Structures are given as C-alpha cells and as structure tokens.
Amino acid sequence: MIDVNRKGEVWVFAEQHNGQLEDTPIELLGKARRLADTLGVKLAATLLGDNVKALATKLIHYGADKIYLVEHPLLRAYQTNSFAKVMCELIGKYKPQIVLYGATITGRDLAPRIASEMKAGLTADCTDLQIGDHTTAIDKKLHKNLLFQIRPAFGGNIIATIINPERWPQMATVREGVMLPPEPDIKRRGEIVTENIKLTQQDLPLEILAEHKRPKKVNLKTARIIVAGGAGVGSRENFKLVWDLANCLGAAPAGSRAAVDLGFIDSDHQVGQTGTTVRPALYIAVGISGAIQHQAGMSQSQKIIAINNDPDAPIFGIAHYKIVGDLNEVVPLMIKAIKEKGVE
Amino acid sequence: MGYNCVVLIKQVPDTKRITGEVMNDDGTVRRSALPAIFNPEDLNALELVLQIKDKFGGHITVITMGLPAAGAVLRDSLFRGADDAILLTDPRCAASDTLATSYILSCAVKKIDYDIVLCGRQAIDGDTAQVGPQLAEKLGIPQITYVEQLIELTGRTITAQRNIGNGWQQVKTTLPVLLTVTGEANEPRVAAAKKIMKYKNALTPVEVEKEVRGQISEPRTSVRGADLVEKKCSELSNKGLLIKQWNLDSIGADLSWCGQSGSPTKVHRIQSVVLAAKESKTIEPTQNGISDMIHELIEDKIIA
C-alpha cells in the first residue's frame with residue numbers, strides 16, 4: 001500500500017489488446033476527468049503494451065493530461081503477472097491517489113492481483129464514482145475527499161458506497177457501459193512519460209497457445225431503440241415477434257438472461273447485470289418479468305415500455321408505459337400501429 | 001500419482017431468487033430471510049476437480065470460511081465426492097473484505113499440500129471475483145481466471161481454456177496454479193446416494209457443541225457439557241465423520257491482516273434498492289390504446 005497522498009494523480013488503466021483500445025478506458029476518462037478536476041490534480045492513463053504509443057494521443061483527446069507509457073516486447077500480449085508487476089512499480093513510484101480499471105475480464109483478472117500485491121483496497125464493478133467526505137464511526141476522524149465507490153451488491157438488491165480511507169491507492173473496477181464516453185477534443189495536448197521497466201520470461205508464467213475472438217454480432221450499447229424479449233416469449237420460434245418489432249423500428253433485438261439461458265437468443269444480445277448495460281432512448285421489454293439483475297442493465301433507458309401478462313411483474317415498477325396483456329396480441333398490434341404511422 | 005486439489009467454497013444467500021416472501025413492504029429485500037445455498041460457480045469448481053480425480057486420482061480438500069451454518073455446504077461437498085472438508089470459522093474473521101479474506105484463506109491453503117487450487121469465478125452475494133486472483137497472489141502462484149474448460153493435464157503441465165468475453169483463449173502453465181471456474185465449465189454432478197448415507201451424520205465440532213447444548217439444560221460452560229462435546233466429537237472422529245474445524249490461531253494468521261483491521265475497504269453507506277414507480281401510464285392492450293402510445297412516442301421524437 002501507499003500512504004494517503006492528497007497530491008496524487010487520478011489514473012485510468014488503458015486496456016488495449018493488439019493495439020486496439022477497449023471502450024472502457026474511454027468511458028472511464030470522462031468520469032475520471034471530473035474526479036481529477038474536483039480534487040485539483042492531474043488525470044493520467046497507464047498504457048502498457050508493445051508498440052502502442054500511437055494510442056497515447058487518443059487517450060489525451062479523451063481527457064488525459066499525462067500518459068505513463070511502458071512498451072516492452074514481453075508486454076505484447078496481456079498476462080496477469082507481467083502487467084501487475086508493471087502497474088505495481090508505477091503505483092509505487094508515482095503514488096496516485098486513485099486507480100481505475102474497466103470491469104472487463106482483463107480488468108477483473110488484473111486489478112485484484114495488483115490490490116493484493118499492494119495490500120490496498122479494491123472495489124469491484126462500480127456503477128458510479130464520486131468524491132465525498134467520511135467520518136469514521138469509532139474515533140470520529142474526518143476523511144475529506146475520498147473516492148466513493150458505488151456498486152450494487154447482493155444481486156443488485158442493495159447499493160453500497162465503499163471507501164478506502166487509509167490504505168491507498170483507492171482502486172476500483174467500473175462496469176462496462178455505465179459511464180458515458182466523453183466527446184474527444186483533438187486540440188488537447190498532454191505529456192507522455194516513458195517508463196522502462198525490467199521484465200523477464202519469469203514474469204510470464206503462462207503460455208498463450210491459441211485465442212479466438214469473434215466480433216460481437218450486435219452493439220447494444222449504441223442502439224437508440226432496443227426490443228428485448230424474456231422467458232415469457234415462450235420459444236425460440238416465437239422470438240420472431242421480438243425480431244419483427246425490432247426490424248420495423250430499426251431497433252436492436254435483445255434478450256434477458258432467462259431468454260439467453262433458454263436458447264431463445266444469442267448471449268451477445270443479453271441485457272442485464274451479466275450482459276450489456278444499455279441506456280437507449282426507448283427500451284421495449286416483451287415478456288420480461290424484470291428481475292433486479294435485468295433492471296440493473298436497462299433502468300437508465302429514457303423511456304421503457306413493458307408488455308407482460310402478469311400485472312405484478314417487477315418490470316412494471318420502472319416502466320413508463322405499462323401494457324398488461326398477451327404479448328402475442330400486443331406485439332402485432334404495435335407492429336401494425338408503427339407501420340400505419342409510416343415509421344421507418 | 002494423482003493431484004492434490006483444494007477447492008474454496010462459500011455459502012451464500014440465494015440472491016437470484018427474490019420472491020415476494022422476502023420483500024419488505026417498502027420494496028427492500030430482507031436479506032436474512034433468503035435461503036443459504038452453495039455458491040453456484042463453486043459447484044462448477046468442485047465438479048472440475050472431481051473430474052480430475054476420476055481420471056487421475058488424487059485428493060480433494062474443500063475449505064469454506066464462514067459461519068458455523070456453512071457446515072451444510074461442506075457436507076454437500078462430501079456427498080458429491082470430496083475427500084476432506086474444513087470449516088474455517090472464527091468471529092475475528094467478521095467484516096473481512098476481499099483482501100483480508102484472501103489473506104486468511106492463503107494461511108489455510110498453505111497448511112495443505114496442493115497442486116491445484118480452485119474457486120468459483122465469483123460469489124453471488126458480492127459478485128466481486130476478487131478473492132481468487134488475490135489468493136493466487138498471496139500464494140505466489142499463477143492464476144487462470146474464467147476457466148470454461150480443462151483441456152489437458154499431463155504431469156506438471158495444465159492447459160485450460162478461459163472465457164475472454166468475446167471469445168476464448170487457451171493457456172498452458174506449470175503446477176501449482178489457481179483456477180477460477182465459470183458456470184459454463186460443466187454440469188455439476190448430483191450427490192451420490194452412497195455418499196449421502198455415509199456422510200449424512202458428519203458434523204463440525206461447532207455443530208456437535210450446538211447439538212449437545214441443546215440436549216442438556218446446564219450452563220454453557222459446564223464441565224459435563226464440555227465432556228459430552230468431546231466424547232461425541234471423538235466418536236464421530238473414529239467413524240471418519242468429524243469435519244475439521246480451524247480458526248485463525250490454528251492457521252497461524254496474523255490478526256492485523258484479518259477482519260476489520262485487515263480490510264482496507266469500509267462501507268460508507270448501504271442503500272436498499274427500491275423498485276419505485278416513476279411517472280408512468282397504463283396502456284390498454286387494444287388497437288386504440290397501442291396506436292395512441294405509438295403516436296405519443298413519435299410526437300416526443302422517441303421513435304422517428
């Protein structure tokens with residue numbers, strides 16, 4: 001751990017694979033910029049890889065003041081130990097007060113290893129971050145300007161605000177898709193700090209034999225309208241209703257976890273705590289009961305239409321338009337109404 | 001021949017099945033009313049080592065850190081085929097965050113000969129997925145997280161396939177290693193009837209004590225009570241039915257790294273999620289009702 005360091009910077013781990021930046025560092029930079037401004041400190045990104053310097057400019061455009069660049073042939077592919085070693089050395093040297101990671105599989109693999117090695121705190125899967133004060137219950141000691149790490153817990157049934165008052169850096173992973181990416185400013189300038197860190201084969205205990213990545217079939221995060229079906233749709237065949245409604249609205253089709261588990265739709269389309277977090281202009285929930293885990297992924301939608309034959313379905317608690325009825329009748333009526341209005 | 005495997009398991013409240021019965025009137029969840037279950041992905045971790053044992057032989061030790069009630073998941077592990085079960089229980093573990101938990105577990109695991117340590121990817125009460133990687137760091141061994149398939153195990157070399165979100169990756173390393181296992185890895189076997197018959201009366205010492213205290217009406221500290229507990233424990237032990245029980249002293253843990261003092265993170269505030277209705281209207285499931293709604297959405301420029 002490092003000591004409390006009020007002048008410490010705010011850091012974002014700039015996750016990249018094969019020279020491609022992930023979405024999460026961009027999403028994080030927007031929020032981290034505001035945190036750094038509130039604290040009056042610089043915002044930096046740590047960029048680790050082999051031949052990745054070109055990404056530094058992009059990170060600066062999205063709000064970073066400074067880039068800690070560590071390039072090494074042994075950092076070409078992500079491995080827990082090598083990346084953790086570099087991050088721990090950087091943290092030990094520069095003593096940032098906050099370090100943020102995307103809660104991607106890589107972020108969730110890496111951040112706990114770093115936290116353990118630094119003996120520092122880490123909060124998983126945050127959905128919001130704020131700066132605030134905390135008074136310790138026992139000795140009434142006031143800790144000013146701590147990072148409030150806000151996350152759902154207990155399957156989403158409670159929202160916990162976690163703090164790390166003394167054993168810094170304050171670290172958190174942040175759920176993908178919950179922070180709005182900022183607009184890039186191509187005029188922004190920043191500083192690139194190149195660090196040389198010694199790495200050997202000992203730092204790479206794994207051998208990566210093969211890797212297969214498939215492009216996501218659908219990008220729910222950017223969809224303006226989403227039509228999502230749940231277990232109530234009944235079958236993969238009947239899920240055609242969801243696709244038809246989506247097609248006539250130019251919307252992205254999606255499903256709840258139950259629908260994915262039942263094989264109605266592919267997991268790329270899953271909305272919810274274990275799927276994608278979305279915030280479209282319109283979310284149409286067809287035959288979705290609305291478990292809290294599902295709501296966690298879609299409650300930020302601007303308008304929500306819920307269609308369900310169970311008037312007590314939890315989804316109605318957050319719906320703007322509640323339609324209690326048989327989806328097999330309601331959805332065709334909607335398609336008809338949309339076509340009549342000449343919606344493209 | 002064979003591999004020594006340690007599986008870390010957790011008893012968790014069943015957060016996935018929230019029914020009306022556990023809801024308060026204000027829309028919050030009564031957490032204490034939720035049934036306690038075997039953390040789902042820990043079952044996948046156990047199944048993965050049971051398959052290793054089926055193929056190569058070896059020894060499976062299951063450890064849980066928790067309240068005395070966690071004896072239930074240890075018995076369940078024995079029913080499914082674990083060789084040894086250990087309850088790590090100590091009031092001084094209370095308020096441990098993931099860092100303190102991983103420290104405590106590392107002290108326990110270090111007391112056992114191991115080749116492979118396994119955890120479920122994450123527990124459904126916290127969903128943090130942090131304890132596995134932190135434990136691997138404390139043990140100073142490599143980790144393979146998000147394991148969805150064991151590809152090969154030959155000698156001291158293990159190859160596993162991990163989920164990387166939008167695809168998979170196959171990695172190879174040398175034992176010892178820590179794996180965290182996802183729900184996709186396998187279908188956990190059910191308890192075997194023969195093992196249930198064998199272990200249904202297996203108890204932890206703390207359960208024995210509770211049972212004995214329930215039968216006699218004397219004060220907690222009575223000599224007779226303590227004697228009865230000891231007698232019963234030794235009877236069970238002779239039959240191989242006494243589940244091991246450790247505390248922080250028996251694993252030699254440094255108390256400053258345990259519980260509240262070992263936990264850098266603290267809770268500032270807990271808010272219950274209330275499913276509150278916003279501005280909303282009920283639409284009749286009729287042609288007119290739906291047509292009006294679509295019209296309104298077009299007027300509001302929600303749909304173009």
# chains A, B, ... in the order shown; residues from 1 in each chain; ligands from 1

call {"tool": "interface_residues", "arguments": {"of": "chain B", "to": "chain A", "cutoff": "6 Å", "atoms": "only C-alpha atoms", "output": "mmCIF file with N, CA and C atoms, in the first residue's frame"}}
result
data_model
loop_
_atom_site.group_PDB
_atom_site.id
_atom_site.type_symbol
_atom_site.label_atom_id
_atom_site.label_comp_id
_atom_site.auth_asym_id
_atom_site.auth_seq_id
_atom_site.Cartn_x
_atom_site.Cartn_y
_atom_site.Cartn_z
ATOM 1 N N THR B 15 -29.404 -14.906 -3.780
ATOM 2 C CA THR B 15 -29.827 -13.579 -4.237
ATOM 3 C C THR B 15 -30.552 -13.617 -5.574
ATOM 4 N N ASP B 125 -23.272 -13.283 -3.783
ATOM 5 C CA ASP B 125 -23.672 -12.220 -2.841
ATOM 6 C C ASP B 125 -22.880 -10.934 -3.089
ATOM 7 N N GLY B 126 -21.590 -11.066 -3.416
ATOM 8 C CA GLY B 126 -20.788 -9.869 -3.657
ATOM 9 C C GLY B 126 -20.486 -9.659 -5.125
ATOM 10 N N THR B 128 -17.808 -10.056 -6.731
ATOM 11 C CA THR B 128 -16.586 -9.276 -6.960
ATOM 12 C C THR B 128 -15.557 -10.007 -7.820
ATOM 13 N N GLN B 130 -12.884 -11.192 -6.840
ATOM 14 C CA GLN B 130 -11.560 -10.711 -6.433
ATOM 15 C C GLN B 130 -10.762 -11.723 -5.603
ATOM 16 N N PRO B 133 -8.057 -14.221 -7.640
ATOM 17 C CA PRO B 133 -6.771 -13.624 -8.005
ATOM 18 C C PRO B 133 -5.950 -13.155 -6.797
ATOM 19 N N GLN B 134 -6.606 -12.644 -5.767
ATOM 20 C CA GLN B 134 -5.863 -12.178 -4.589
ATOM 21 C C GLN B 134 -5.230 -13.351 -3.858
ATOM 22 N N GLU B 137 -2.164 -14.485 -5.718
ATOM 23 C CA GLU B 137 -1.025 -13.594 -5.445
ATOM 24 C C GLU B 137 -0.418 -13.914 -4.083
ATOM 25 N N ASN B 166 -15.453 -11.951 -25.523
ATOM 26 C CA ASN B 166 -15.939 -12.141 -26.888
ATOM 27 C C ASN B 166 -15.166 -13.263 -27.582
ATOM 28 N N GLY B 167 -14.852 -14.287 -26.823
ATOM 29 C CA GLY B 167 -14.124 -15.402 -27.416
ATOM 30 C C GLY B 167 -13.446 -16.209 -26.336
ATOM 31 N N TRP B 168 -12.436 -16.982 -26.746
ATOM 32 C CA TRP B 168 -11.738 -17.804 -25.769
ATOM 33 C C TRP B 168 -10.245 -17.759 -25.996
ATOM 34 N N GLN B 169 -9.539 -18.229 -24.982
ATOM 35 C CA GLN B 169 -8.083 -18.253 -25.028
ATOM 36 C C GLN B 169 -7.642 -19.544 -24.356
ATOM 37 N N GLN B 170 -6.668 -20.229 -24.966
ATOM 38 C CA GLN B 170 -6.126 -21.433 -24.334
ATOM 39 C C GLN B 170 -4.737 -21.120 -23.808
ATOM 40 N N VAL B 171 -4.541 -21.414 -22.532
ATOM 41 C CA VAL B 171 -3.253 -21.119 -21.910
ATOM 42 C C VAL B 171 -2.708 -22.351 -21.201
ATOM 43 N N LYS B 172 -1.396 -22.383 -21.140
ATOM 44 C CA LYS B 172 -0.708 -23.523 -20.546
ATOM 45 C C LYS B 172 0.204 -23.006 -19.444
ATOM 46 N N THR B 173 0.308 -23.727 -18.359
ATOM 47 C CA THR B 173 1.262 -23.338 -17.325
ATOM 48 C C THR B 173 1.667 -24.566 -16.504
ATOM 49 N N PRO B 264 -8.798 -2.913 3.975
ATOM 50 C CA PRO B 264 -8.671 -1.510 3.600
ATOM 51 C C PRO B 264 -10.013 -0.869 3.244
ATOM 52 N N THR B 265 -10.936 -1.651 2.684
ATOM 53 C CA THR B 265 -12.202 -1.038 2.273
ATOM 54 C C THR B 265 -13.210 -1.090 3.410
ATOM 55 N N LYS B 266 -13.987 -0.029 3.509
ATOM 56 C CA LYS B 266 -15.027 0.078 4.536
ATOM 57 C C LYS B 266 -16.323 0.478 3.846
ATOM 58 N N VAL B 267 -17.405 0.182 4.509
ATOM 59 C CA VAL B 267 -18.692 0.586 3.952
ATOM 60 C C VAL B 267 -19.020 1.980 4.465
ATOM 61 N N HIS B 268 -19.242 2.883 3.527
ATOM 62 C CA HIS B 268 -19.646 4.236 3.914
ATOM 63 C C HIS B 268 -21.159 4.277 4.103
ATOM 64 N N ARG B 269 -21.867 3.599 3.210
ATOM 65 C CA ARG B 269 -23.330 3.666 3.251
ATOM 66 C C ARG B 269 -23.911 2.491 2.469
ATOM 67 N N ILE B 270 -25.054 2.009 2.936
ATOM 68 C CA ILE B 270 -25.803 0.977 2.207
ATOM 69 C C ILE B 270 -27.196 1.534 1.952
ATOM 70 N N GLN B 271 -27.603 1.478 0.709
ATOM 71 C CA GLN B 271 -28.967 1.897 0.410
ATOM 72 C C GLN B 271 -29.686 0.716 -0.210
ATOM 73 N N SER B 272 -30.908 0.511 0.222
ATOM 74 C CA SER B 272 -31.689 -0.552 -0.398
ATOM 75 C C SER B 272 -32.250 -0.040 -1.708
ATOM 76 N N VAL B 273 -32.248 -0.921 -2.685
ATOM 77 C CA VAL B 273 -32.830 -0.547 -3.962
ATOM 78 C C VAL B 273 -34.339 -0.692 -3.831
ATOM 79 N N LEU B 275 -37.860 -0.531 -5.743
ATOM 80 C CA LEU B 275 -38.423 -0.533 -7.085
ATOM 81 C C LEU B 275 -39.577 0.459 -7.116
ATOM 82 N N ALA B 276 -39.236 1.711 -7.304
ATOM 83 C CA ALA B 276 -40.246 2.752 -7.241
ATOM 84 C C ALA B 276 -40.781 3.065 -8.627
ATOM 85 N N ALA B 277 -42.080 3.294 -8.681
ATOM 86 C CA ALA B 277 -42.683 3.658 -9.951
ATOM 87 C C ALA B 277 -42.377 5.116 -10.250
ATOM 88 N N SER B 280 -45.693 7.111 -14.872
ATOM 89 C CA SER B 280 -45.975 6.020 -15.794
ATOM 90 C C SER B 280 -47.460 5.942 -16.079
ATOM 91 N N LYS B 281 -47.784 5.374 -17.223
ATOM 92 C CA LYS B 281 -49.201 5.213 -17.534
ATOM 93 C C LYS B 281 -49.484 3.804 -18.005
ATOM 94 N N THR B 282 -50.721 3.425 -17.763
ATOM 95 C CA THR B 282 -51.137 2.095 -18.176
ATOM 96 C C THR B 282 -51.810 2.198 -19.536
ATOM 97 N N ILE B 283 -51.355 1.352 -20.446
ATOM 98 C CA ILE B 283 -51.884 1.371 -21.809
ATOM 99 C C ILE B 283 -52.788 0.150 -21.975
ATOM 100 N N PRO B 285 -54.353 -2.926 -23.788
ATOM 101 C CA PRO B 285 -53.798 -3.764 -24.857
ATOM 102 C C PRO B 285 -54.739 -3.865 -26.054
ATOM 103 N N SER B 291 -52.114 2.291 -30.517
ATOM 104 C CA SER B 291 -51.937 3.291 -31.565
ATOM 105 C C SER B 291 -51.659 4.667 -30.947
#

call {"tool": "residues_around", "arguments": {"residues": "B:Thr98", "least_positions_apart": "2", "cutoff": "7 Å", "atoms": "only C-alpha atoms", "output": "PDB file with C-alpha atoms, in the first residue's frame"}}
result
ATOM      1  CA  SER B  96     -13.197  -9.076   6.286  1.00  0.00           C
ATOM      2  CA  ALA B 100      -8.461  -9.895   4.314  1.00  0.00           C
ATOM      3  CA  THR B 101     -10.447 -12.928   3.149  1.00  0.00           C
ATOM      4  CA  SER B 102      -7.777 -13.881   0.640  1.00  0.00           C
ATOM      5  CA  GLN B 130     -11.560 -10.711  -6.433  1.00  0.00           C
ATOM      6  CA  VAL B 131     -10.753 -13.398  -3.892  1.00  0.00           C
TER       7      VAL B 131
END

call {"tool": "atom_distance", "arguments": {"atom1": "atom CA of A:Asp185", "atom2": "atom CA of A:Tyr62"}}
result
6.5 Å

call {"tool": "atom_distance", "arguments": {"atom1": "atom CA of A:Ala258", "atom2": "atom CA of B:Glu279"}}
result
27.5 Å

call {"tool": "closest_residue", "arguments": {"among": "B:Ala193, B:Val208, B:Cys5, B:Leu74", "to": "B:Gly225", "atoms": "only C-alpha atoms"}}
result
B:Val208

call {"tool": "select_by_dssp", "arguments": {"residues": "stretch 142-238 of chain A", "states": "strand (DSSP E or B)", "output": "PyMOL selection string"}}
result
chain A and resi 142-153+158-163+168+170-174+191-194+207-213+225-229

call {"tool": "write_last_selection", "arguments": {"atoms": "N, CA and C atoms", "output": "compact mmCIF listing (two decimals), in the first residue's frame"}}
result
# COMPACT_ATOMS: atom_id res chain seq x y z
N LEU A 142 -12.36 12.64 10.60
CA LEU A 142 -12.92 13.07 9.32
C LEU A 142 -11.91 12.80 8.20
N HIS A 143 -12.35 12.08 7.19
CA HIS A 143 -11.51 11.86 6.00
C HIS A 143 -12.15 12.65 4.87
N LYS A 144 -11.45 13.66 4.40
CA LYS A 144 -12.04 14.50 3.35
C LYS A 144 -11.68 13.97 1.97
N ASN A 145 -12.58 14.26 1.03
CA ASN A 145 -12.32 13.98 -0.38
C ASN A 145 -11.87 12.55 -0.67
N LEU A 146 -12.66 11.60 -0.18
CA LEU A 146 -12.37 10.21 -0.52
C LEU A 146 -13.11 9.84 -1.79
N LEU A 147 -12.66 8.77 -2.42
CA LEU A 147 -13.37 8.24 -3.58
C LEU A 147 -14.53 7.38 -3.07
N PHE A 148 -15.75 7.80 -3.38
CA PHE A 148 -16.92 6.99 -3.07
C PHE A 148 -17.09 5.98 -4.21
N GLN A 149 -16.95 4.72 -3.87
CA GLN A 149 -17.02 3.66 -4.87
C GLN A 149 -18.38 3.00 -4.74
N ILE A 150 -19.24 3.31 -5.67
CA ILE A 150 -20.65 2.95 -5.54
C ILE A 150 -20.97 1.75 -6.43
N ARG A 151 -21.53 0.72 -5.80
CA ARG A 151 -21.78 -0.50 -6.57
C ARG A 151 -22.99 -1.23 -6.04
N PRO A 152 -23.68 -1.92 -6.94
CA PRO A 152 -24.75 -2.78 -6.47
C PRO A 152 -24.15 -4.02 -5.81
N ALA A 153 -24.81 -4.55 -4.81
CA ALA A 153 -24.36 -5.79 -4.19
C ALA A 153 -25.60 -6.62 -3.91
N ILE A 158 -29.10 -4.17 -3.14
CA ILE A 158 -28.66 -3.02 -2.36
C ILE A 158 -27.59 -2.27 -3.16
N ILE A 159 -27.44 -1.00 -2.83
CA ILE A 159 -26.37 -0.20 -3.42
C ILE A 159 -25.43 0.16 -2.27
N ALA A 160 -24.19 -0.24 -2.41
CA ALA A 160 -23.22 0.02 -1.35
C ALA A 160 -22.25 1.10 -1.80
N THR A 161 -21.94 2.02 -0.89
CA THR A 161 -20.89 3.00 -1.14
C THR A 161 -19.68 2.59 -0.32
N ILE A 162 -18.61 2.25 -1.00
CA ILE A 162 -17.42 1.72 -0.36
C ILE A 162 -16.33 2.78 -0.39
N ILE A 163 -15.55 2.84 0.69
CA ILE A 163 -14.44 3.78 0.74
C ILE A 163 -13.19 3.05 1.19
N TRP A 168 -4.01 3.39 0.59
CA TRP A 168 -4.14 3.83 -0.78
C TRP A 168 -3.19 3.08 -1.69
N GLN A 170 -6.69 4.33 -3.83
CA GLN A 170 -8.09 3.93 -3.83
C GLN A 170 -8.35 3.35 -5.22
N MET A 171 -8.72 2.08 -5.26
CA MET A 171 -8.84 1.43 -6.57
C MET A 171 -10.22 0.84 -6.76
N ALA A 172 -10.68 0.88 -8.01
CA ALA A 172 -11.99 0.32 -8.32
C ALA A 172 -12.00 -0.18 -9.76
N THR A 173 -12.78 -1.22 -9.99
CA THR A 173 -13.11 -1.56 -11.36
C THR A 173 -14.51 -1.01 -11.62
N VAL A 174 -14.76 -0.59 -12.86
CA VAL A 174 -16.01 0.07 -13.19
C VAL A 174 -16.71 -0.71 -14.30
N GLU A 191 1.15 15.15 -21.87
CA GLU A 191 2.54 14.77 -21.68
C GLU A 191 2.66 13.25 -21.73
N ILE A 192 3.68 12.76 -22.42
CA ILE A 192 3.91 11.31 -22.44
C ILE A 192 5.17 11.01 -21.63
N VAL A 193 5.00 10.23 -20.59
CA VAL A 193 6.13 9.86 -19.73
C VAL A 193 6.48 8.40 -20.04
N THR A 194 7.67 8.21 -20.61
CA THR A 194 8.06 6.85 -20.97
C THR A 194 8.81 6.20 -19.81
N GLU A 207 1.70 -19.67 -21.03
CA GLU A 207 1.99 -19.69 -22.46
C GLU A 207 0.63 -19.63 -23.14
N ILE A 208 0.45 -18.62 -23.98
CA ILE A 208 -0.84 -18.49 -24.67
C ILE A 208 -0.76 -19.32 -25.94
N LEU A 209 -1.56 -20.39 -25.98
CA LEU A 209 -1.47 -21.34 -27.10
C LEU A 209 -2.34 -20.91 -28.27
N ALA A 210 -3.53 -20.45 -27.95
CA ALA A 210 -4.45 -20.10 -29.02
C ALA A 210 -5.46 -19.11 -28.48
N GLU A 211 -6.01 -18.34 -29.39
CA GLU A 211 -7.00 -17.37 -28.97
C GLU A 211 -7.99 -17.21 -30.10
N HIS A 212 -9.25 -17.16 -29.75
CA HIS A 212 -10.25 -16.96 -30.78
C HIS A 212 -11.16 -15.83 -30.34
N LYS A 213 -11.23 -14.79 -31.16
CA LYS A 213 -12.14 -13.70 -30.85
C LYS A 213 -13.15 -13.60 -31.96
N ILE A 225 -32.87 2.34 -30.00
CA ILE A 225 -34.06 1.62 -29.53
C ILE A 225 -33.68 0.15 -29.37
N ILE A 226 -34.15 -0.44 -28.30
CA ILE A 226 -33.90 -1.86 -28.07
C ILE A 226 -35.23 -2.56 -27.80
N VAL A 227 -35.44 -3.67 -28.48
CA VAL A 227 -36.60 -4.51 -28.18
C VAL A 227 -36.05 -5.79 -27.57
N ALA A 228 -36.40 -6.03 -26.31
CA ALA A 228 -35.84 -7.18 -25.61
C ALA A 228 -36.94 -8.15 -25.21
N GLY A 229 -36.67 -9.42 -25.42
CA GLY A 229 -37.63 -10.45 -25.04
C GLY A 229 -37.14 -11.25 -23.85
